[in-house]
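Student: Hey, dropping upload_2.cif in here, mmCIF, C-alpha atoms:
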data_entry
#
loop_
_atom_site.label_atom_id
_atom_site.label_comp_id
_atom_site.auth_asym_id
_atom_site.auth_seq_id
_atom_site.Cartn_x
_atom_site.Cartn_y
_atom_site.Cartn_z
CA MET A 1 -14.39 8.70 20.22
CA ALA A 2 -12.54 5.50 19.39
CA ASP A 3 -11.32 3.26 22.19
CA PHE A 4 -7.57 3.57 21.77
CA LYS A 5 -6.90 1.25 24.72
CA GLU A 6 -8.67 -1.47 22.79
CA LEU A 7 -6.62 -0.66 19.70
CA GLN A 8 -3.36 -0.89 21.65
CA THR A 9 -4.40 -4.36 22.79
CA ALA A 10 -5.20 -5.33 19.20
CA ILE A 11 -1.80 -4.22 17.89
CA GLY A 12 0.16 -5.57 20.87
CA TYR A 13 1.82 -2.26 21.68
CA SER A 14 1.18 0.24 24.49
CA PHE A 15 2.04 3.86 23.77
CA SER A 16 3.94 6.04 26.19
CA ASN A 17 2.66 9.09 24.28
CA THR A 18 -0.86 8.34 23.05
CA SER A 19 -0.98 11.59 21.06
CA TYR A 20 1.03 9.79 18.37
CA LEU A 21 -1.64 7.12 18.16
CA GLU A 22 -4.49 9.63 18.09
CA GLN A 23 -2.89 11.56 15.25
CA ALA A 24 -2.24 8.34 13.33
CA MET A 25 -5.95 7.57 13.51
CA THR A 26 -7.10 11.07 12.50
CA HIS A 27 -8.18 11.37 8.88
CA SER A 28 -7.96 14.78 7.20
CA SER A 29 -11.77 14.90 6.95
CA TYR A 30 -11.92 14.87 10.77
CA SER A 31 -9.16 17.41 11.25
CA GLY A 32 -10.76 19.89 8.86
CA GLY A 33 -8.16 19.24 6.16
CA LYS A 34 -5.29 20.53 8.26
CA ASN A 35 -2.17 18.42 7.68
CA ASN A 36 -0.74 19.05 11.13
CA GLY A 37 -3.89 17.62 12.70
CA SER A 38 -4.31 14.58 10.44
CA ASN A 39 -2.30 11.45 9.81
CA GLU A 40 -0.88 12.53 6.43
CA ARG A 41 2.60 13.45 7.68
CA LEU A 42 2.78 10.26 9.73
CA GLU A 43 1.75 8.30 6.66
CA PHE A 44 4.78 9.73 4.82
CA LEU A 45 7.14 8.65 7.60
CA GLY A 46 5.48 5.26 8.04
CA ASP A 47 5.92 4.46 4.36
CA SER A 48 9.69 4.99 4.71
CA VAL A 49 9.91 2.82 7.83
CA LEU A 50 7.90 0.10 6.08
CA GLN A 51 10.01 0.23 2.91
CA LEU A 52 13.26 0.00 4.88
CA THR A 53 12.03 -2.86 7.06
CA VAL A 54 10.79 -4.93 4.13
CA SER A 55 13.89 -4.16 2.03
CA GLN A 56 16.22 -5.30 4.81
CA TYR A 57 14.11 -8.41 5.39
CA LEU A 58 14.27 -9.41 1.73
CA PHE A 59 17.97 -8.51 1.40
CA THR A 60 18.88 -10.65 4.40
CA GLY A 61 16.51 -13.55 3.82
CA MET A 62 16.87 -13.93 0.04
CA SER A 63 20.62 -13.73 -0.48
CA THR A 64 20.51 -15.10 -4.03
CA GLU A 65 17.52 -13.08 -5.28
CA PRO A 66 18.47 -10.42 -7.88
CA GLU A 67 17.53 -6.78 -7.41
CA GLY A 68 14.59 -6.98 -9.81
CA GLY A 69 13.06 -9.93 -7.97
CA MET A 70 13.37 -8.20 -4.60
CA THR A 71 11.85 -5.03 -6.05
CA LYS A 72 8.82 -6.96 -7.28
CA LEU A 73 8.36 -8.78 -3.98
CA ARG A 74 8.69 -5.58 -1.96
CA ALA A 75 6.10 -3.90 -4.17
CA SER A 76 3.67 -6.76 -3.58
CA ILE A 77 4.09 -6.45 0.19
CA VAL A 78 3.82 -2.66 0.53
CA CYS A 79 1.13 -1.97 -2.09
CA GLU A 80 -2.24 -0.53 -1.12
CA ASN A 81 -4.03 -3.88 -1.46
CA SER A 82 -1.64 -5.54 1.01
CA LEU A 83 -1.76 -2.66 3.50
CA TYR A 84 -5.56 -2.72 3.32
CA SER A 85 -5.58 -6.44 4.16
CA PHE A 86 -3.13 -5.86 7.04
CA ALA A 87 -5.40 -3.11 8.41
CA LYS A 88 -8.44 -5.39 8.14
CA LYS A 89 -6.68 -8.06 10.21
CA ILE A 90 -6.64 -5.72 13.21
CA ASP A 91 -10.01 -4.13 12.35
CA LEU A 92 -8.28 -0.77 12.05
CA GLY A 93 -11.29 0.89 10.44
CA ARG A 94 -13.14 0.84 13.77
CA TYR A 95 -10.66 3.26 15.29
CA ILE A 96 -10.16 5.86 12.54
CA LEU A 97 -11.51 9.33 13.30
CA LEU A 98 -13.51 10.46 10.25
CA GLY A 99 -15.54 13.51 9.29
CA LYS A 100 -19.29 13.02 8.91
CA GLY A 101 -19.22 13.07 5.14
CA GLU A 102 -16.47 10.45 4.91
CA GLU A 103 -18.26 8.35 7.52
CA MET A 104 -21.53 8.40 5.59
CA THR A 105 -19.90 7.42 2.28
CA GLY A 106 -18.16 4.30 3.58
CA GLY A 107 -14.78 5.80 4.40
CA ARG A 108 -14.27 3.42 7.30
CA ASP A 109 -13.77 0.58 4.83
CA ARG A 110 -12.16 2.54 1.97
CA ARG A 111 -8.91 0.91 0.84
CA SER A 112 -6.90 4.10 0.57
CA ILE A 113 -7.97 5.35 4.00
CA LEU A 114 -7.18 2.07 5.75
CA ALA A 115 -3.85 1.65 3.94
CA ASP A 116 -2.82 5.21 4.82
CA ALA A 117 -3.86 4.76 8.45
CA PHE A 118 -1.81 1.56 8.67
CA GLU A 119 1.30 3.41 7.47
CA ALA A 120 0.58 6.23 9.91
CA LEU A 121 0.28 3.68 12.71
CA ILE A 122 3.73 2.32 11.82
CA ALA A 123 5.14 5.85 12.11
CA ALA A 124 3.40 6.40 15.45
CA ILE A 125 4.97 3.24 16.87
CA TYR A 126 8.35 4.25 15.45
CA LEU A 127 8.22 7.71 17.04
CA ASP A 128 7.00 6.37 20.36
CA GLY A 129 9.09 3.21 20.71
CA GLY A 130 11.85 3.27 18.10
CA MET A 131 12.75 1.28 15.02
CA GLU A 132 12.84 -2.13 16.65
CA ARG A 133 9.29 -1.89 17.99
CA ALA A 134 8.08 -0.65 14.61
CA ARG A 135 9.87 -3.54 12.90
CA GLU A 136 8.29 -6.06 15.29
CA PHE A 137 4.85 -4.70 14.45
CA ILE A 138 5.45 -4.76 10.69
CA MET A 139 6.79 -8.30 10.73
CA ARG A 140 3.52 -9.56 12.20
CA PHE A 141 2.05 -9.06 8.72
CA VAL A 142 4.89 -9.67 6.27
CA PRO A 143 4.83 -13.16 4.66
CA SER A 144 7.61 -15.54 5.58
CA ILE A 145 10.63 -15.91 3.31
CA GLU A 146 9.53 -19.51 2.66
CA ALA A 147 6.11 -18.33 1.46
CA LEU A 148 7.70 -15.67 -0.72
CA LYS A 149 10.11 -18.16 -2.26
CA SER A 150 7.34 -20.68 -2.92
CA GLY A 151 5.28 -18.13 -4.80
CA LYS A 152 2.31 -18.48 -2.44
CA VAL A 153 2.11 -14.71 -2.10
CA LYS A 154 -0.38 -13.47 -4.68
CA LEU A 155 0.73 -10.42 -6.63
CA GLY A 156 -2.18 -8.24 -7.69
CA ASP A 157 -1.40 -4.53 -7.70
CA TYR A 158 0.51 -4.49 -10.96
CA LYS A 159 0.45 -0.69 -11.26
CA THR A 160 2.31 -0.38 -7.96
CA ILE A 161 4.76 -3.10 -8.94
CA LEU A 162 5.47 -1.43 -12.29
CA GLN A 163 5.96 1.93 -10.59
CA GLU A 164 8.44 0.38 -8.15
CA ILE A 165 10.41 -1.10 -11.05
CA ILE A 166 10.44 2.15 -13.02
CA GLN A 167 11.43 4.24 -9.97
CA GLN A 168 14.86 2.62 -10.09
CA ASN A 169 15.44 5.19 -12.86
CA PRO A 170 14.12 8.51 -11.45
CA GLU A 171 14.04 10.24 -14.84
CA GLU A 172 11.51 7.72 -16.23
CA ARG A 173 7.77 8.57 -16.17
CA ILE A 174 4.77 6.22 -16.28
CA SER A 175 1.32 7.28 -17.46
CA TYR A 176 -1.92 5.55 -18.50
CA GLU A 177 -4.51 6.34 -21.13
CA ILE A 178 -7.84 4.78 -22.06
CA GLU A 179 -7.58 4.12 -25.79
CA GLU A 180 -11.17 3.04 -26.38
CA SER A 181 -14.31 1.63 -24.78
CA ASP A 182 -17.34 -0.15 -26.16
CA GLY A 183 -20.43 -2.02 -25.04
CA ALA A 184 -23.51 -1.10 -23.05
CA ASP A 185 -23.12 1.16 -20.03
CA HIS A 186 -23.69 -1.73 -17.60
CA HIS A 187 -21.16 -3.97 -19.36
CA LYS A 188 -18.62 -1.62 -20.93
CA LEU A 189 -15.18 -2.90 -21.93
CA PHE A 190 -12.24 -0.51 -21.59
CA ARG A 191 -8.89 -0.83 -23.34
CA ALA A 192 -5.96 0.90 -21.70
CA ALA A 193 -2.32 1.52 -22.55
CA VAL A 194 0.57 2.16 -20.18
CA LEU A 195 3.18 4.59 -21.44
CA LEU A 196 6.83 5.00 -20.46
CA ASN A 197 7.99 8.52 -21.33
CA GLY A 198 5.13 8.69 -23.83
CA GLN A 199 5.92 5.34 -25.49
CA ARG A 200 3.43 2.47 -25.14
CA ILE A 201 4.91 -0.49 -23.24
CA GLY A 202 1.77 -2.48 -22.48
CA ARG A 203 -1.94 -2.84 -23.23
CA GLY A 204 -4.82 -4.38 -21.35
CA SER A 205 -8.61 -4.52 -21.15
CA GLY A 206 -11.18 -4.75 -18.38
CA HIS A 207 -14.72 -3.87 -17.38
CA SER A 208 -13.52 -0.78 -15.50
CA LYS A 209 -10.80 1.75 -16.24
CA LYS A 210 -8.82 0.57 -13.20
CA GLU A 211 -9.06 -3.06 -14.27
CA ALA A 212 -7.87 -2.19 -17.78
CA GLU A 213 -4.92 -0.20 -16.40
CA GLN A 214 -3.95 -3.10 -14.12
CA ALA A 215 -4.01 -5.45 -17.11
CA ALA A 216 -1.83 -3.05 -19.11
CA ALA A 217 0.66 -2.79 -16.27
CA LYS A 218 0.73 -6.59 -15.94
CA GLU A 219 1.56 -6.97 -19.65
CA ALA A 220 4.33 -4.36 -19.36
CA ILE A 221 5.88 -6.17 -16.39
CA GLY A 222 5.81 -9.44 -18.32
CA LEU A 223 7.40 -7.86 -21.38
CA MET A 224 10.20 -6.58 -19.14
CA GLY A 225 11.02 -10.17 -18.24
CA TYR A 226 9.40 -10.38 -14.80
CA GLU A 227 7.01 -13.18 -13.84
CA THR A 228 3.50 -11.89 -13.09
CA ASP A 229 1.73 -14.94 -11.65
#
Once you've parsed the file, please lay out its structure as structure tokens.
Tutor:
Amino acid sequence: MADFKELQTAIGYSFSNTSYLEQAMTHSSYSGGKNNGSNERLEFLGDSVLQLTVSQYLFTGMSTEPEGGMTKLRASIVCENSLYSFAKKIDLGRYILLGKGEEMTGGRDRRSILADAFEALIAAIYLDGGMERAREFIMRFVPSIEALKSGKVKLGDYKTILQEIIQQNPEERISYEIEESDGADHHKLFRAAVLLNGQRIGRGSGHSKKEAEQAAAKEAIGLMGYETD
């Protein structure tokens, strides 16, 4: 069993109701796939708390930034890669309750699991201590406005950023397809396209399908008039 007292010290917050914290750290593989016993519902709530906190921070701190710029910055802060790095800063993987199979296959360091657990932790703090305490925790990890304005924050998850941009129009749909691949199995090159409502809006290549899709999303973002570096 994880030492949740140690985790509370690491995050700088003491829970009145530790059951929130325990659920936030319970992966579905540990709970037998039951949603009410895992952190999946908390993850859903934590994502909303995170989005609101970051949106308000950018809205207040960047008064001259247009909507599109704030959307891109928010996407870079709340994407899976960023949440994974936040979770690593507090060694969150040590405290996640995993099933044996997930444990044996490296789940304790899997990006999606750590990112989801970080969002669930936000929700746990919110439910236990309220919005202000959740905001204080989140802001320990969010880059300063000065760093954001200077461009020192590296954008990398272009698929997430593109999805955030497109979601401003709920009727729009993004999809990806691998158009071709060539080369030896150990050095294969994939070429991907990103489609908006079935129409190609970007292409990219890479040595994995994910890398090619990221490159396609990056091209699409650039063609929409957003800076990507």
Student: Within 9 Å of region 6-23 of chain A, which residues of region 55-117 of chain A come that close, and what is the closest atom pair and distance in Å for each? Count only C-alpha atoms and give it as a Markdown table.
Tutor:
| residue | atom | partner | partner_atom | distance |
| --- | --- | --- | --- | --- |
| A:Ile90 | CA | A:Ala10 | CA | 6.2 |
| A:Asp91 | CA | A:Ala10 | CA | 8.5 |
| A:Leu92 | CA | A:Leu7 | CA | 7.8 |
| A:Arg94 | CA | A:Leu7 | CA | 8.9 |
| A:Tyr95 | CA | A:Leu7 | CA | 7.2 |
| A:Ile96 | CA | A:Glu22 | CA | 8.8 |
| A:Leu97 | CA | A:Glu22 | CA | 8.5 |
Student: Would you export the selected residues with C-alpha atoms as a PDB file, in the coordinates of the input, please?
Tutor:
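Result file result.pdb:
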ATOM      1  CA  ILE A  90      -6.640  -5.720  13.210  1.00  0.00           C
ATOM      2  CA  ASP A  91     -10.010  -4.130  12.350  1.00  0.00           C
ATOM      3  CA  LEU A  92      -8.280  -0.770  12.050  1.00  0.00           C
ATOM      4  CA  ARG A  94     -13.140   0.840  13.770  1.00  0.00           C
ATOM      5  CA  TYR A  95     -10.660   3.260  15.290  1.00  0.00           C
ATOM      6  CA  ILE A  96     -10.160   5.860  12.540  1.00  0.00           C
ATOM      7  CA  LEU A  97     -11.510   9.330  13.300  1.00  0.00           C
TER       8      LEU A  97
END
Student: Contacts of Phe118 (chain A) at 9 Å or less, counting all atoms listed in the file, minus same-chain residues fewer than 2 places along, as a PyMOL selection string?
Tutor: chain A and resi 24-25+43+46+83-84+86-87+92+113-116+120-123
Student: For the file shown, what are the residues hit by the PyMOL selection byres ((chain A and resi 132-147) around 9), laid out as JSON, numbers by chain?
Tutor: {"A": [11, 12, 13, 49, 50, 53, 54, 57, 58, 61, 62, 77, 86, 89, 122, 123, 124, 125, 126, 127, 128, 129, 130, 131, 148, 149, 150, 151, 152, 153]}
Student: For this structure, which residues satisfy the selection - the PyMOL selection byres ((chain A and resi 177) around 12) - when it is evaluated on the file as given? I want them as a count of residues only.
Tutor: 29
Student: Calculate how many Å separate CA of Met70 (chain A) from CA of Glu172 (chain A), rounding to one decimal.
Tutor: 19.8 Å
Student: Could you state the separation of CA of Ile161 (chain A) and CA of Gly222 (chain A) in Å, given to one decimal place?
Tutor: 11.4 Å
Student: Using the structure block above, produce a file of region 73-126 of chain A that contains C-alpha atoms, as a compact mmCIF listing (two decimals), in the first residue's frame.
Tutor:
# COMPACT_ATOMS: atom_id res chain seq x y z
CA LEU A 73 -1.09 28.21 -24.74
CA ARG A 74 -3.75 26.47 -22.66
CA ALA A 75 -3.45 23.37 -24.81
CA SER A 76 0.31 23.30 -24.26
CA ILE A 77 -0.15 23.50 -20.49
CA VAL A 78 -2.91 20.91 -20.06
CA CYS A 79 -1.78 18.34 -22.65
CA GLU A 80 -0.76 14.83 -21.62
CA ASN A 81 2.96 15.56 -22.02
CA SER A 82 2.77 18.50 -19.60
CA LEU A 83 0.65 16.64 -17.05
CA TYR A 84 3.09 13.73 -17.20
CA SER A 85 5.99 16.08 -16.45
CA PHE A 86 4.03 17.66 -13.57
CA ALA A 87 3.35 14.20 -12.13
CA LYS A 88 7.03 13.28 -12.42
CA LYS A 89 8.01 16.36 -10.42
CA ILE A 90 6.21 14.97 -7.37
CA ASP A 91 7.10 11.34 -8.17
CA LEU A 92 3.39 10.55 -8.41
CA GLY A 93 3.98 7.14 -9.97
CA ARG A 94 5.23 5.81 -6.62
CA TYR A 95 1.80 6.23 -5.07
CA ILE A 96 -0.55 4.93 -7.77
CA LEU A 97 -2.38 1.70 -6.93
CA LEU A 98 -2.03 -0.62 -9.93
CA GLY A 99 -3.13 -4.13 -10.81
CA LYS A 100 -0.38 -6.74 -11.17
CA GLY A 101 -0.51 -6.79 -14.94
CA GLU A 102 -0.22 -3.01 -15.25
CA GLU A 103 2.57 -3.02 -12.68
CA MET A 104 4.57 -5.63 -14.58
CA THR A 105 4.27 -3.81 -17.91
CA GLY A 106 5.60 -0.47 -16.70
CA GLY A 107 2.31 1.22 -15.87
CA ARG A 108 3.87 3.17 -13.03
CA ASP A 109 5.73 5.30 -15.56
CA ARG A 110 3.16 5.27 -18.39
CA ARG A 111 2.36 8.79 -19.58
CA SER A 112 -1.39 8.33 -19.79
CA ILE A 113 -1.64 6.78 -16.34
CA LEU A 114 0.42 9.50 -14.66
CA ALA A 115 -1.37 12.31 -16.51
CA ASP A 116 -4.77 10.88 -15.56
CA ALA A 117 -3.72 10.43 -11.93
CA PHE A 118 -2.54 14.04 -11.80
CA GLU A 119 -5.95 15.26 -12.98
CA ALA A 120 -7.66 12.97 -10.47
CA LEU A 121 -5.46 14.40 -7.73
CA ILE A 122 -6.59 17.91 -8.67
CA ALA A 123 -10.21 16.78 -8.31
CA ALA A 124 -9.50 15.16 -4.95
CA ILE A 125 -8.02 18.40 -3.61
CA TYR A 126 -10.95 20.35 -5.04
